[in-house]
>>> print(open('input_28.cif').read())   # mmCIF, C-alpha atoms
data_run
loop_
_atom_site.label_atom_id
_atom_site.label_comp_id
_atom_site.auth_asym_id
_atom_site.auth_seq_id
_atom_site.Cartn_x
_atom_site.Cartn_y
_atom_site.Cartn_z
CA MET A 1 0.00 0.00 0.00
CA THR A 2 1.28 3.45 -0.91
CA LYS A 3 0.37 6.87 0.44
CA ALA A 4 -1.99 7.34 -2.54
CA ASP A 5 -3.80 4.06 -1.72
CA LEU A 6 -4.09 5.12 1.90
CA ILE A 7 -5.65 8.44 0.84
CA ASP A 8 -8.16 6.67 -1.44
CA GLU A 9 -9.11 4.20 1.27
CA LEU A 10 -9.50 6.95 3.88
CA ALA A 11 -11.74 8.96 1.53
CA LYS A 12 -13.90 5.88 1.07
CA VAL A 13 -14.31 4.92 4.74
CA SER A 14 -14.76 8.43 6.15
CA ASN A 15 -16.86 10.06 3.43
CA LEU A 16 -14.28 12.70 2.66
CA THR A 17 -13.14 14.02 -0.69
CA LYS A 18 -9.75 12.82 -1.93
CA LYS A 19 -8.43 16.32 -1.42
CA GLU A 20 -9.54 16.37 2.23
CA SER A 21 -8.11 12.89 2.80
CA GLU A 22 -4.82 13.94 1.34
CA THR A 23 -4.65 16.94 3.68
CA ILE A 24 -5.34 14.67 6.65
CA VAL A 25 -2.83 11.96 5.76
CA SER A 26 -0.18 14.61 5.10
CA THR A 27 -1.00 16.39 8.36
CA VAL A 28 -0.55 13.14 10.28
CA PHE A 29 2.86 12.26 8.83
CA ASP A 30 4.09 15.88 8.78
CA ASN A 31 3.30 16.20 12.48
CA ILE A 32 5.12 12.96 13.29
CA THR A 33 8.11 14.16 11.26
CA ASP A 34 8.13 17.57 12.95
CA ALA A 35 8.04 16.01 16.42
CA LEU A 36 10.96 13.70 15.56
CA ALA A 37 12.90 16.61 14.04
CA LYS A 38 12.54 18.41 17.39
CA GLY A 39 13.86 15.28 19.09
CA ASP A 40 10.50 14.39 20.61
CA LYS A 41 9.12 10.90 20.93
CA VAL A 42 5.88 9.91 19.21
CA GLU A 43 3.60 7.44 20.98
CA LEU A 44 0.67 5.92 19.12
CA ARG A 45 -1.27 3.58 21.39
CA GLY A 46 -1.84 0.16 19.86
CA PHE A 47 0.37 0.99 16.89
CA GLY A 48 3.86 1.75 18.08
CA SER A 49 6.26 4.52 18.93
CA PHE A 50 8.82 6.52 16.99
CA ARG A 51 11.89 7.98 18.55
CA ILE A 52 15.33 9.22 17.69
CA ARG A 53 18.46 7.22 18.24
CA GLN A 54 21.85 8.84 18.39
CA ARG A 55 24.66 7.28 16.34
CA ASN A 56 28.17 8.21 17.42
CA ALA A 57 30.79 9.37 14.96
CA ARG A 58 32.98 6.51 13.77
CA LYS A 59 35.75 5.63 11.37
CA GLY A 60 34.41 3.92 8.30
CA ARG A 61 35.90 2.64 5.11
CA ASN A 62 34.98 3.23 1.52
CA PRO A 63 34.35 -0.39 0.52
CA LYS A 64 35.36 0.29 -3.08
CA THR A 65 38.70 2.00 -2.53
CA GLY A 66 39.51 0.91 1.02
CA THR A 67 40.30 4.45 2.07
CA SER A 68 39.40 5.41 5.60
CA VAL A 69 36.65 7.98 6.00
CA SER A 70 35.19 9.48 9.13
CA VAL A 71 31.44 9.07 9.49
CA PRO A 72 30.03 11.99 11.51
CA GLU A 73 27.61 11.44 14.36
CA LYS A 74 23.98 11.43 13.31
CA ARG A 75 20.47 10.89 14.49
CA VAL A 76 18.31 8.13 13.06
CA PRO A 77 14.58 7.59 13.43
CA PHE A 78 13.59 4.32 15.07
CA PHE A 79 10.19 2.63 15.16
CA LYS A 80 9.19 0.22 17.89
CA VAL A 81 6.15 -1.88 17.03
CA GLY A 82 3.36 -1.77 19.59
CA LYS A 83 2.18 -4.94 21.30
CA ARG A 84 -1.23 -5.02 19.62
CA LEU A 85 0.25 -4.48 16.16
CA ARG A 86 2.95 -7.08 16.75
CA GLU A 87 0.28 -9.63 17.60
CA LEU A 88 -1.80 -8.57 14.60
CA VAL A 89 1.13 -9.12 12.23
CA ASN A 90 1.50 -12.67 13.53
CA ALA A 91 -2.19 -13.48 13.67
CA MET B 1 10.08 15.79 27.12
CA ILE B 2 6.40 15.28 26.32
CA PRO B 3 5.76 12.72 23.59
CA LEU B 4 3.49 13.46 20.66
CA THR B 5 0.33 11.36 20.98
CA LYS B 6 -2.70 10.55 18.89
CA ASN B 7 -4.46 13.40 20.65
CA ASP B 8 -1.96 15.89 19.22
CA LEU B 9 -2.55 14.45 15.75
CA ILE B 10 -6.31 14.79 16.26
CA ASN B 11 -5.87 18.47 17.19
CA ALA B 12 -3.65 19.06 14.16
CA VAL B 13 -6.31 17.52 11.89
CA ALA B 14 -9.08 19.51 13.61
CA ALA B 15 -7.17 22.69 12.75
CA HIS B 16 -8.16 22.02 9.12
CA GLY B 17 -11.82 22.63 9.92
CA LEU B 18 -13.04 19.22 11.11
CA SER B 19 -14.85 18.76 14.40
CA LYS B 20 -12.91 17.18 17.22
CA ARG B 21 -15.05 14.05 17.01
CA GLN B 22 -14.63 13.77 13.24
CA SER B 23 -10.88 14.31 13.55
CA ALA B 24 -10.61 11.57 16.16
CA SER B 25 -12.43 9.12 13.94
CA VAL B 26 -10.37 10.04 10.87
CA VAL B 27 -7.01 9.71 12.66
CA GLU B 28 -8.14 6.37 14.04
CA SER B 29 -9.07 5.30 10.50
CA VAL B 30 -5.62 6.17 9.16
CA PHE B 31 -3.91 3.80 11.61
CA ASP B 32 -6.66 1.19 11.20
CA ILE B 33 -6.20 1.10 7.43
CA ILE B 34 -2.44 0.75 7.84
CA SER B 35 -2.82 -1.94 10.52
CA ARG B 36 -5.19 -3.96 8.36
CA CYS B 37 -2.60 -3.91 5.60
CA PHE B 38 -0.04 -5.43 7.96
CA GLU B 39 -2.59 -8.02 9.00
CA ARG B 40 -2.85 -9.08 5.35
CA GLY B 41 0.96 -9.23 5.21
CA GLU B 42 1.17 -6.22 2.93
CA ASP B 43 3.91 -3.57 3.10
CA VAL B 44 3.10 0.12 3.49
CA LYS B 45 5.13 2.80 1.78
CA ILE B 46 4.65 6.46 2.66
CA VAL B 47 6.59 8.72 0.31
CA GLY B 48 8.84 11.12 2.22
CA PHE B 49 8.33 9.24 5.48
CA GLY B 50 9.33 5.63 5.25
CA HIS B 51 8.59 2.07 4.36
CA PHE B 52 6.98 -0.42 6.75
CA ARG B 53 7.87 -3.95 5.80
CA ILE B 54 6.75 -7.36 7.00
CA ARG B 55 9.71 -9.71 7.25
CA LYS B 56 9.44 -13.43 7.72
CA LYS B 57 11.80 -14.91 10.26
CA ALA B 58 12.60 -18.59 10.08
CA SER B 59 12.46 -20.64 13.25
CA ARG B 60 15.77 -20.97 15.01
CA ARG B 61 17.32 -22.44 18.11
CA GLY B 62 17.78 -19.98 20.89
CA ARG B 63 18.87 -20.13 24.46
CA ASN B 64 17.14 -19.08 27.64
CA PRO B 65 19.81 -16.68 28.93
CA GLN B 66 18.75 -17.31 32.52
CA THR B 67 18.94 -21.08 32.56
CA GLY B 68 21.12 -21.73 29.51
CA SER B 69 18.69 -24.34 28.22
CA SER B 70 18.22 -24.56 24.48
CA ILE B 71 14.77 -23.65 23.18
CA GLU B 72 13.07 -23.50 19.81
CA ILE B 73 12.10 -20.01 18.64
CA SER B 74 9.15 -20.41 16.27
CA ALA B 75 8.97 -18.89 12.79
CA ARG B 76 7.34 -15.48 12.91
CA LYS B 77 6.64 -12.30 11.04
CA VAL B 78 8.08 -9.03 12.25
CA LEU B 79 7.36 -5.49 11.19
CA THR B 80 10.32 -3.26 10.37
CA PHE B 81 10.47 0.43 9.53
CA LYS B 82 12.95 1.85 7.07
CA PRO B 83 12.99 5.65 7.20
CA SER B 84 13.02 7.44 3.85
CA LYS B 85 15.82 9.74 2.81
CA GLY B 86 13.62 12.80 3.35
CA LEU B 87 12.84 11.85 6.95
CA LYS B 88 16.49 11.10 7.73
CA LEU B 89 17.48 14.50 6.33
CA ARG B 90 14.83 16.32 8.37
CA ILE B 91 15.97 14.60 11.55
CA ASN B 92 19.56 15.68 11.04
CA GLN B 93 18.89 19.29 10.09
#
>>> encode(input="input_28.cif", output="structure tokens")
Amino acid sequence: MTKADLIDELAKVSNLTKKESETIVSTVFDNITDALAKGDKVELRGFGSFRIRQRNARKGRNPKTGTSVSVPEKRVPFFKVGKRLRELVNA
Amino acid sequence: MIPLTKNDLINAVAAHGLSKRQSASVVESVFDIISRCFERGEDVKIVGFGHFRIRKKASRRGRNPQTGSSIEISARKVLTFKPSKGLKLRINQ
């Protein structure tokens, strides 16, 4: 399923126009993104939680040339599946 | 640090002119639709956000770390999230 499919499906089940559904789906993911960008955690009951993990700077290697490069520290988004969803996936 | 919750998402949706009740039902629907996809074993790809994938794990032998006894870990499906490039960039800005 893609974002476009999600928008279509939402329009169908909630009696909204496609345009309205698109605004809503975008609002949802934009707000999650903004919260993560601020470093906040996102908790969605029954679904899961998103948070930021810190990766330290490290020495890496260019696998093609073998030269040593330094990889700067960075932040990566991390999703932890909620209990209900985890059970649903395995049902 | 206060986490963002479904309630915050509902308020953000309501800001677009929907009633609070309507917003709550619509936000719930978004996650319901996605969850039902996972239930069917289907992946979900949100452009600019990330890709949720169902991965099948084969059964394997594991160990109970407390007792050291060998146990069978059954085959299972797990959900993984791969953030898109856009999301990773936003996070590191």
>>> interface_residues(input="input_28.cif", of="chain A", to="chain B", cutoff="6 Å", atoms="only C-alpha atoms", output="MDAnalysis selection string")
chainID A and resid 1:3 28 37 40:44 75 88:90
>>> resolve_selection(input="input_28.cif", expression="the PyMOL selection byres ((chain A and resi 59) around 6)", output="PyMOL selection string")
chain A and resi 58+60+69-71
>>> resolve_selection(input="input_28.cif", expression="the PyMOL selection byres ((chain A and resi 10) around 9)", output="ChimeraX atom specification")
/A:5-9,11-16,18,21-22,25 /B:26,29-30,33
>>> atom_distance(input="input_28.cif", atom1="CA of Asn31 in chain A", atom2="CA of Asn11 in chain B")
10.6 Å
>>> atom_distance(input="input_28.cif", atom1="CA of Gly39 in chain A", atom2="CA of Lys74 in chain A")
12.3 Å
>>> closest_residue(input="input_28.cif", among="A:Arg61, A:Arg45, A:Lys19, A:Thr27", to="Lys83 in chain A", atoms="only C-alpha atoms")
A:Arg45
>>> atom_distance(input="input_28.cif", atom1="CA of Ser74 in chain B", atom2="CA of Ser49 in chain A")
25.2 Å
>>> axis_aligned_box(input="input_28.cif", around="range 75-79 of chain B", padding_each_side="3 Å", output="lines of an AutoDock Vina configuration file")
center_x = 7.8
center_y = -12.2
center_z = 12.0
size_x = 8.3
size_y = 19.4
size_z = 7.9
>>> residues_near_point(input="input_28.cif", point="(14.4, 7.9, 17.4)", cutoff="8 Å", atoms="all atoms listed in the file", output="CSV table (one decimal) with C-alpha atoms, in the frame of the given file")
chain,number,residue,atom,x,y,z
A,36,LEU,CA,11.0,13.7,15.6
A,39,GLY,CA,13.9,15.3,19.1
A,41,LYS,CA,9.1,10.9,20.9
A,50,PHE,CA,8.8,6.5,17.0
A,51,ARG,CA,11.9,8.0,18.6
A,52,ILE,CA,15.3,9.2,17.7
A,53,ARG,CA,18.5,7.2,18.2
A,54,GLN,CA,21.8,8.8,18.4
A,75,ARG,CA,20.5,10.9,14.5
A,76,VAL,CA,18.3,8.1,13.1
A,77,PRO,CA,14.6,7.6,13.4
A,78,PHE,CA,13.6,4.3,15.1
A,79,PHE,CA,10.2,2.6,15.2
>>> resolve_selection(input="input_28.cif", expression="the PyMOL selection byres ((chain B and resi 71) around 9)", output="PDB file with C-alpha atoms, in the coordinates of the input")
ATOM      1  CA  ARG B  60      15.770 -20.970  15.010  1.00  0.00           C
ATOM      2  CA  ARG B  61      17.320 -22.440  18.110  1.00  0.00           C
ATOM      3  CA  GLY B  62      17.780 -19.980  20.890  1.00  0.00           C
ATOM      4  CA  ARG B  63      18.870 -20.130  24.460  1.00  0.00           C
ATOM      5  CA  ASN B  64      17.140 -19.080  27.640  1.00  0.00           C
ATOM      6  CA  SER B  69      18.690 -24.340  28.220  1.00  0.00           C
ATOM      7  CA  SER B  70      18.220 -24.560  24.480  1.00  0.00           C
ATOM      8  CA  GLU B  72      13.070 -23.500  19.810  1.00  0.00           C
ATOM      9  CA  ILE B  73      12.100 -20.010  18.640  1.00  0.00           C
TER      10      ILE B  73
END
>>> closest_residue(input="input_28.cif", among="B:Glu28, B:Thr67, B:Lys85, B:Ser59", to="Gly46 in chain A", atoms="only C-alpha atoms")
B:Glu28
>>> closest_residue(input="input_28.cif", among="A:Phe47, A:Asp34, A:Ala57, A:Thr23", to="Arg84 in chain A", atoms="all atoms listed in the file")
A:Phe47
>>> build_atoms(input="input_28.cif", residues="range 54-65 of chain A", atoms="all heavy atoms", output="mmCIF file, keeping the file's coordinate frame")
data_model
loop_
_atom_site.group_PDB
_atom_site.id
_atom_site.type_symbol
_atom_site.label_atom_id
_atom_site.label_comp_id
_atom_site.auth_asym_id
_atom_site.auth_seq_id
_atom_site.Cartn_x
_atom_site.Cartn_y
_atom_site.Cartn_z
ATOM 1 N N GLN A 54 20.622 8.130 18.685
ATOM 2 C CA GLN A 54 21.850 8.840 18.390
ATOM 3 C C GLN A 54 22.906 7.834 17.918
ATOM 4 O O GLN A 54 23.102 6.798 18.543
ATOM 5 C CB GLN A 54 22.325 9.529 19.682
ATOM 6 C CG GLN A 54 23.428 10.513 19.498
ATOM 7 C CD GLN A 54 22.926 11.841 18.956
ATOM 8 O OE1 GLN A 54 21.809 12.240 19.230
ATOM 9 N NE2 GLN A 54 23.758 12.509 18.168
ATOM 10 N N ARG A 55 23.535 8.114 16.808
ATOM 11 C CA ARG A 55 24.660 7.280 16.340
ATOM 12 C C ARG A 55 25.941 8.090 16.519
ATOM 13 O O ARG A 55 26.031 9.207 16.022
ATOM 14 C CB ARG A 55 24.500 6.918 14.867
ATOM 15 C CG ARG A 55 23.305 6.035 14.579
ATOM 16 C CD ARG A 55 23.674 4.575 14.621
ATOM 17 N NE ARG A 55 22.510 3.736 14.385
ATOM 18 C CZ ARG A 55 21.690 3.292 15.335
ATOM 19 N NH1 ARG A 55 21.899 3.617 16.600
ATOM 20 N NH2 ARG A 55 20.665 2.536 15.025
ATOM 21 N N ASN A 56 26.896 7.518 17.209
ATOM 22 C CA ASN A 56 28.170 8.210 17.420
ATOM 23 C C ASN A 56 28.984 8.300 16.139
ATOM 24 O O ASN A 56 28.810 7.491 15.236
ATOM 25 C CB ASN A 56 28.990 7.492 18.485
ATOM 26 C CG ASN A 56 28.365 7.622 19.855
ATOM 27 O OD1 ASN A 56 27.703 8.628 20.142
ATOM 28 N ND2 ASN A 56 28.532 6.604 20.679
ATOM 29 N N ALA A 57 29.870 9.257 16.088
ATOM 30 C CA ALA A 57 30.790 9.370 14.960
ATOM 31 C C ALA A 57 31.703 8.146 14.976
ATOM 32 O O ALA A 57 32.003 7.610 16.038
ATOM 33 C CB ALA A 57 31.612 10.640 15.095
ATOM 34 N N ARG A 58 32.088 7.669 13.816
ATOM 35 C CA ARG A 58 32.980 6.510 13.770
ATOM 36 C C ARG A 58 33.844 6.575 12.524
ATOM 37 O O ARG A 58 33.555 7.315 11.587
ATOM 38 C CB ARG A 58 32.161 5.211 13.801
ATOM 39 C CG ARG A 58 31.239 5.082 12.607
ATOM 40 C CD ARG A 58 30.346 3.857 12.678
ATOM 41 N NE ARG A 58 29.292 3.940 11.683
ATOM 42 C CZ ARG A 58 29.436 3.573 10.420
ATOM 43 N NH1 ARG A 58 30.583 3.095 9.983
ATOM 44 N NH2 ARG A 58 28.444 3.702 9.558
ATOM 45 N N LYS A 59 34.895 5.746 12.545
ATOM 46 C CA LYS A 59 35.750 5.630 11.370
ATOM 47 C C LYS A 59 35.149 4.557 10.472
ATOM 48 O O LYS A 59 34.887 3.445 10.912
ATOM 49 C CB LYS A 59 37.156 5.209 11.784
ATOM 50 C CG LYS A 59 37.965 6.358 12.363
ATOM 51 C CD LYS A 59 38.918 6.904 11.304
ATOM 52 C CE LYS A 59 39.552 8.232 11.729
ATOM 53 N NZ LYS A 59 38.656 9.386 11.493
ATOM 54 N N GLY A 60 34.931 4.911 9.228
ATOM 55 C CA GLY A 60 34.410 3.920 8.300
ATOM 56 C C GLY A 60 35.385 3.747 7.147
ATOM 57 O O GLY A 60 36.444 4.379 7.116
ATOM 58 N N ARG A 61 35.029 2.857 6.251
ATOM 59 C CA ARG A 61 35.900 2.640 5.110
ATOM 60 C C ARG A 61 35.085 2.681 3.835
ATOM 61 O O ARG A 61 33.976 2.174 3.777
ATOM 62 C CB ARG A 61 36.546 1.254 5.230
ATOM 63 C CG ARG A 61 38.039 1.304 5.262
ATOM 64 C CD ARG A 61 38.617 -0.029 5.666
ATOM 65 N NE ARG A 61 39.556 0.109 6.777
ATOM 66 C CZ ARG A 61 40.712 0.741 6.669
ATOM 67 N NH1 ARG A 61 41.074 1.288 5.540
ATOM 68 N NH2 ARG A 61 41.507 0.822 7.711
ATOM 69 N N ASN A 62 35.621 3.284 2.818
ATOM 70 C CA ASN A 62 34.980 3.230 1.520
ATOM 71 C C ASN A 62 35.220 1.810 0.999
ATOM 72 O O ASN A 62 36.353 1.429 0.744
ATOM 73 C CB ASN A 62 35.631 4.266 0.591
ATOM 74 C CG ASN A 62 35.021 4.233 -0.803
ATOM 75 O OD1 ASN A 62 34.523 3.195 -1.247
ATOM 76 N ND2 ASN A 62 35.075 5.355 -1.481
ATOM 77 N N PRO A 63 34.164 1.024 0.867
ATOM 78 C CA PRO A 63 34.350 -0.390 0.520
ATOM 79 C C PRO A 63 34.970 -0.591 -0.868
ATOM 80 O O PRO A 63 35.573 -1.625 -1.152
ATOM 81 C CB PRO A 63 32.942 -0.975 0.578
ATOM 82 C CG PRO A 63 32.010 0.162 0.631
ATOM 83 C CD PRO A 63 32.756 1.381 1.029
ATOM 84 N N LYS A 64 34.834 0.412 -1.721
ATOM 85 C CA LYS A 64 35.360 0.290 -3.080
ATOM 86 C C LYS A 64 36.868 0.556 -3.109
ATOM 87 O O LYS A 64 37.626 -0.175 -3.736
ATOM 88 C CB LYS A 64 34.644 1.311 -3.977
ATOM 89 C CG LYS A 64 34.355 0.786 -5.376
ATOM 90 C CD LYS A 64 33.719 1.867 -6.198
ATOM 91 C CE LYS A 64 32.592 1.344 -7.057
ATOM 92 N NZ LYS A 64 31.665 2.406 -7.417
ATOM 93 N N THR A 65 37.293 1.607 -2.444
ATOM 94 C CA THR A 65 38.700 2.000 -2.530
ATOM 95 C C THR A 65 39.499 1.589 -1.287
ATOM 96 O O THR A 65 40.730 1.533 -1.337
ATOM 97 C CB THR A 65 38.823 3.524 -2.694
ATOM 98 O OG1 THR A 65 38.252 4.131 -1.529
ATOM 99 C CG2 THR A 65 38.091 4.013 -3.926
#
